[in-house]
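**Student:** Quick one: this structure, given as C-alpha cells, is what I'll be asking you about.
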Amino acid sequence: MSLKRTPLYPMHQKHGGNMIDFGGWELPVEYKATGIIAEHHQVRQKAGLFDVSHMGEVDIRGEKAEEFVQELITNDISALKENQVCYSPMCYPDGGCVDDLLIYKYDRNHYFLVINAANTDKDFAWMQEHKLPGVTLENVSETYAELALQGPLAEEVLQSICDTDLKEINYYWFRPAVKVAGIECIVSRTGYTGEDGFELYTSPDKACELWEAILEAGKGEVLPIGLGARDTLRFEAKMPLYGHELSREITPLEARLDRFVKLDKPSFIGKEALAKQKEKGPDRLLVELEMTGRGIPRAGYEIQKNGQKIGWVTSGGYAPTLGKNLGLALVEKEYAVPGEEIDIIIRNKPVKARTGEGLFYKRTK
Amino acid sequence: MEIKENYYYSEDHEWVRVEGDLAYIGITDYAQHHLGDIVFVELPEIDSEFAAGDTIGVIESVKAVADMHTPVSGTITGVNEALEDEPETLNKDPYGQHIAVLKMSNPDELNNLMNAEQYAEFCEKAEE
C-alpha cells in the first residue's frame with residue numbers, strides 16, 4: 001500500500017526530511033541537518049515549524065450543532081465564546097475514549113473539530129452514527145493543510161507577516177480568515193509542545209507557500225521540525241497521546257483528565273459510566289515516574305511492585321530539556337501516589353524507578 | 001559517511017579493530033547515523049563469554065532500541081564505561097569509541113567479516 005503524502009511533501013524533500021511511515025502517512029521523523037534532540041531544543045529555545053496536515057478536520061453545522069457536539073464530548077462548551085477553542089476527550093458509553101480533539105467554535109450553529117489522523121475515519125463514522133436531525137457533518141480533512149509554529153519566537157515571527165494583532169489571540173482562541181503572507185488561514189493559539197505557538201489551517205494548494213514564508217520570516221531562527229521532536233516535546237510537557245495515555249480501554253478519569261470531564265453537564269455519551277467511576281474512584285491511574293536505576297522506560301514496559309504486575313508504561317523516554325529518563329504509566333490506584341518505589345521490567349530485568357509529581361516540563365513564561 | 005581502512009565490518013553495522021588477540025568492537029558511522037541521537041548504552045559484563053552474532057548490549061536512541069552484537073566469539077576483557085554517562089559520544093566519534101573488548105577465541109572468524117571496501121558497497125546497497 002502506498003503511503004499518503006501531505007501537501008508539504010515537497011518541502012520535506014527540499015529540507016532533507018528523513019521520511020517514515022507514520023500511520024500510513026509519509027512524514028519526516030527528523031531532518032538530516034538537525035536530528036530529534038537539536039530540533040527539540042530549537043522549539044524550546046527559539047521556534048520550530050511542523051507539518052501536521054495529516055490531522056483530521058470535521059465541519060459541523062446546523063441549528064443543533066452545539067447540542068450535538070455537547071453530546072459527543074465530555075467537556076462542556078456551553079460557556080465557550082465565538083472564536084474560542086476547547087480540548088476534550090470523546091467517549092464510548094463505557095467511558096473508554098474514541099479520541100481526544102480540539103473544538104473550534106465559530107458560533108452556536110458552526111463548529112470545527114480537529115481530530116487525530118489515525119482516528120479520522122473511525123471518529124467520522126462515530127459522529128455520523130450519533131448525528132442529530134438538523135445537523136450536517138462534513139469530513140473536510142482533505143481541504144486543509146495544517147502547520148504548527150511553536151516556540152518562544154513564534155509570535156514575533158508570525159506577527160511580522162500577519163495582518164492581525166496576534167496579542168489579541170489568547171491561549172486557546174482563534175481567528176478565521178487571517179492573512180499570513182497574504183494567504184488566508186485559520187490561526188489559533190494552540191499547540192502540542194508545551195510552548196507558546198500557533199496552529200495554522202490553510203488550503204492545501206497554499207501550504208508550501210505558507211511554509212516558505214514562515215521560514216523566511218524566521219530569518220534562520222525558525223527551523224522545520226519532524227515528528228520525532230513533536231513526540232519528545234509533547235511527552236516532556238506531559239500532554240496525552242491517543243493510543244498511549246488515552247484509548248478504547250483507558251478512560252479520561254484514569255488518565256487524570258478530570259478537568260475535561262464535566263459530569264454536571266445534562267448529558268453526554270459515557271456520562272453514566274464516568275460518573276460511576278468518579279464516585280468510587282478509578283481502579284488505576286496515570287502517574288509520572290522517574291528512573292532511579294539505569295534504563296529508559298518505553299511504552300508498553302511492565303511495571304511491578306514486589307514482583308507483581310501493577311501496570312505498564314504508556315509513554316516514556318529521554319526528556320531532552322530536563323535531561324532525565326521519564327515515564328507516564330497507568331498503575332493500580334494504591335501505587336498511584338508520589339514517592340512510590342517501583343520496578344520497570346526492561347529487557348526482562350527489573351530496574352528501579354520512583355513515582356513523582358511535577359517531574360515534567362512547564363514553561364516559565 | 002565515514003568508513004575506516006583496516007577495520008573489519010559486520011552486516012549488523014558493527015566494526016572490529018584487532019590488536020593482537022584482542023578485538024575492539026563498536027558501531028559504524030552508518031549505524032549511529034541511522035539510530036539518530038543515542039541516549040543510552042547497556043554494556044556487557046567483564047569475563048562473560050559470547051559467540052559471534054550474540055547480543056552483548058543495547059544501544060538506545062531517542063527513537064529506537066537496538067541490540068549490539070559481537071561479530072566475533074570470545075570473552076569480554078574490557079568495556080568503555082564512559083559511554084554510560086556520555087552515550088552521545090557514539091554519535092560524535094563512532095570509530096574512536098569502542099563498546100567492548102573481547103579476547104578472541106577464534107580469530108579465523110575475522111575472515112567472515114567485510115573489509116572497508118566491501119562494507120562501503122554493502123551500505124550503498126542498503127540505501128537503495
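Chain labels follow the order of the C-alpha cells: the first chain is A, the next B, and so on; residue numbering restarts at 1 in every chain, and ligands are counted from 1 in their shown order.
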Hey, list the chain A side of the contact with chain B: 8 Å cut-off, only C-alpha atoms, answer as a PyMOL selection string.

**Tutor:** chain A and resi 35-37+228+295-296+317-318

**Student:** Name all residues at most 6 Å from stretch 91-99 of chain B (count only C-alpha atoms; drop same-chain ones fewer than 2 positions away) and give them as a list of chain:residue names.

**Tutor:**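 The residues satisfying every condition are B:Ile25, B:Gly26, B:Thr28, B:Asp29, B:Gln32, B:Val79, B:Asn80, B:Glu88, B:Thr89.
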
**Student:** May I have the selected residues written with N, CA, C and O atoms, as a PDB file, in the first residue's frame?

**Tutor:**
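Writing the result to result_11.pdb gives the following:
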ATOM      1  N   ILE B  25      35.423  -3.672  19.604  1.00  0.00           N
ATOM      2  CA  ILE B  25      34.241  -3.603  18.753  1.00  0.00           C
ATOM      3  C   ILE B  25      33.396  -2.367  19.066  1.00  0.00           C
ATOM      4  O   ILE B  25      33.336  -1.901  20.195  1.00  0.00           O
ATOM      5  N   GLY B  26      32.772  -1.862  18.023  1.00  0.00           N
ATOM      6  CA  GLY B  26      31.930  -0.675  18.168  1.00  0.00           C
ATOM      7  C   GLY B  26      30.913  -0.641  17.049  1.00  0.00           C
ATOM      8  O   GLY B  26      30.736  -1.623  16.324  1.00  0.00           O
ATOM      9  N   THR B  28      29.315   1.435  13.565  1.00  0.00           N
ATOM     10  CA  THR B  28      29.835   2.246  12.462  1.00  0.00           C
ATOM     11  C   THR B  28      29.128   3.601  12.385  1.00  0.00           C
ATOM     12  O   THR B  28      28.095   3.824  13.021  1.00  0.00           O
ATOM     13  N   ASP B  29      29.717   4.447  11.574  1.00  0.00           N
ATOM     14  CA  ASP B  29      29.129   5.763  11.325  1.00  0.00           C
ATOM     15  C   ASP B  29      27.725   5.595  10.720  1.00  0.00           C
ATOM     16  O   ASP B  29      26.792   6.319  11.070  1.00  0.00           O
ATOM     17  N   GLN B  32      25.315   4.710  13.622  1.00  0.00           N
ATOM     18  CA  GLN B  32      24.964   5.830  14.509  1.00  0.00           C
ATOM     19  C   GLN B  32      24.046   6.805  13.787  1.00  0.00           C
ATOM     20  O   GLN B  32      23.138   7.371  14.366  1.00  0.00           O
ATOM     21  N   VAL B  79      35.265  -2.905  28.846  1.00  0.00           N
ATOM     22  CA  VAL B  79      34.137  -2.155  28.268  1.00  0.00           C
ATOM     23  C   VAL B  79      34.453  -0.668  28.357  1.00  0.00           C
ATOM     24  O   VAL B  79      35.271  -0.249  29.175  1.00  0.00           O
ATOM     25  N   ASN B  80      33.797   0.106  27.539  1.00  0.00           N
ATOM     26  CA  ASN B  80      34.000   1.556  27.537  1.00  0.00           C
ATOM     27  C   ASN B  80      32.974   2.199  28.469  1.00  0.00           C
ATOM     28  O   ASN B  80      31.902   2.622  28.044  1.00  0.00           O
ATOM     29  N   GLU B  88      26.162   9.912  24.009  1.00  0.00           N
ATOM     30  CA  GLU B  88      26.127  10.697  22.768  1.00  0.00           C
ATOM     31  C   GLU B  88      27.481  10.743  22.060  1.00  0.00           C
ATOM     32  O   GLU B  88      27.554  11.096  20.888  1.00  0.00           O
ATOM     33  N   THR B  89      28.569  10.349  22.767  1.00  0.00           N
ATOM     34  CA  THR B  89      29.870  10.345  22.075  1.00  0.00           C
ATOM     35  C   THR B  89      29.904   9.297  20.961  1.00  0.00           C
ATOM     36  O   THR B  89      30.697   9.397  20.036  1.00  0.00           O
TER      37      THR B  89
END

**Student:** Return as number ranges by chain the full set of residues in stretch 8-124 of chain B whose backbone-based DSSP assignment is strand (DSSP E).

**Tutor:** B: 8-9, 14-19, 22-27, 38-42, 49-50, 55-61, 65-69, 74-79, 100-104

**Student:** So that I can check the surroundings of B:Phe50, please list as a JSON list (two decimals) with C-alpha atoms, in the first residue's frame every protein, DNA and RNA residue that reaches within 8 Å of it, counting only C-alpha atoms and ignoring chain neighbours fewer than 2 positions away.

**Tutor:**
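In the end it all went to selection38.json:
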[["chain", "number", "residue", "atom", "x", "y", "z"],
["B", 48, "SER", "CA", 31.25, -13.02, 30.10],
["B", 52, "ALA", "CA", 29.82, -14.48, 17.13],
["B", 54, "ASP", "CA", 25.32, -12.89, 20.15],
["B", 56, "ILE", "CA", 26.20, -8.27, 24.06],
["B", 70, "THR", "CA", 29.57, -9.12, 18.68],
["B", 73, "SER", "CA", 33.45, -15.06, 19.59],
["B", 74, "GLY", "CA", 35.36, -14.56, 22.80],
["B", 75, "THR", "CA", 35.48, -13.34, 26.38],
["B", 76, "ILE", "CA", 34.86, -9.74, 27.36]]
